Each structure stands twice: as C-alpha cells, then as structure tokens.
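Undergrad: Take a look at this one; I'll ask things after.
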Amino acid sequence: MEKMKPVVNSLYPTADSLDDAMNRAKASLYGCSPNEVHAAVMCYHNSLIKELLKGGVNVEAYTPPK
C-alpha cells in the first residue's frame, strides 16, 4: 500500500467534522468490502487534513517526528 500523504484526495468525500467522519466509518465498516473500508478511511483522512488546515497547520511542510 502506498504511504498516505497529508493532502486531500479528491476521489473521496470530506466530512463536515471529525466526529461525522468517524461516525460514517463506524456505520460503514460492519460486513463491508475492502473497497468500502478504504473509502471510509479516506473520508476520515480528508476530514483530518481539513481540520489541520483550519487550525493553521501547514500540512505540506509537515515532517513527522522520527
């Protein structure tokens, strides 16, 4: 699997909040296909990026701690 980058992936939706994204993921995961799980996780990912940007985090310049 390719390493996820801290940028919005336009193939997947972005929720209005992290709570909404997590609720969507929880509702979607029971008995679903790997593609559905991936889509739910990518929705959360996009929503997290949106929240970071709202908080002033420069996600493109972010370097994770080692």
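Chain identifiers are assigned as A, B, and so on, following the order in which chains appear in the structure tokens; residues are numbered from 1 within each chain, and ligands are numbered from 1 in order of appearance.
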Name the residues in contact with range 36-40 of chain A at a cut-off of 12 Å, using only C-alpha atoms, excluding same-chain residues fewer than 5 positions from it; report them as number ranges by chain.
TA: A: 1, 4, 9-15, 20-31, 45-47
Undergrad: Kindly give the distance, in Å, that separates CA of Leu18 in chain A and CA of Leu48 in chain A, rounded to a single decimal.
TA: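 CA of Leu48 in chain A lies 6.5 Å from CA of Leu18 in chain A.
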Undergrad: Closest to Val59 in chain A among A:Pro34, A:Val41, A:Lys5, A:Asp19, using only C-alpha atoms?
TA: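 Of A:Pro34, A:Val41, A:Lys5, A:Asp19, the one nearest Val59 in chain A, counting only C-alpha atoms, is A:Lys5.
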Undergrad: Between CA of Glu51 in chain A and CA of Ser17 in chain A, what is the distance in Å, rounded to a tenth?
TA: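 Distance between the two atoms: 7.7 Å.
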Undergrad: Report as a PyMOL selection string: the residues of chain A with a DSSP assignment of alpha helix (DSSP H), based on the backbone of this structure.
TA: chain A and resi 18-29+34-54
Undergrad: CA of Lys50 in chain A to CA of Glu2 in chain A: how many Å, to one decimal?
TA: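 Separation between CA of Lys50 in chain A and CA of Glu2 in chain A: 20.9 Å.
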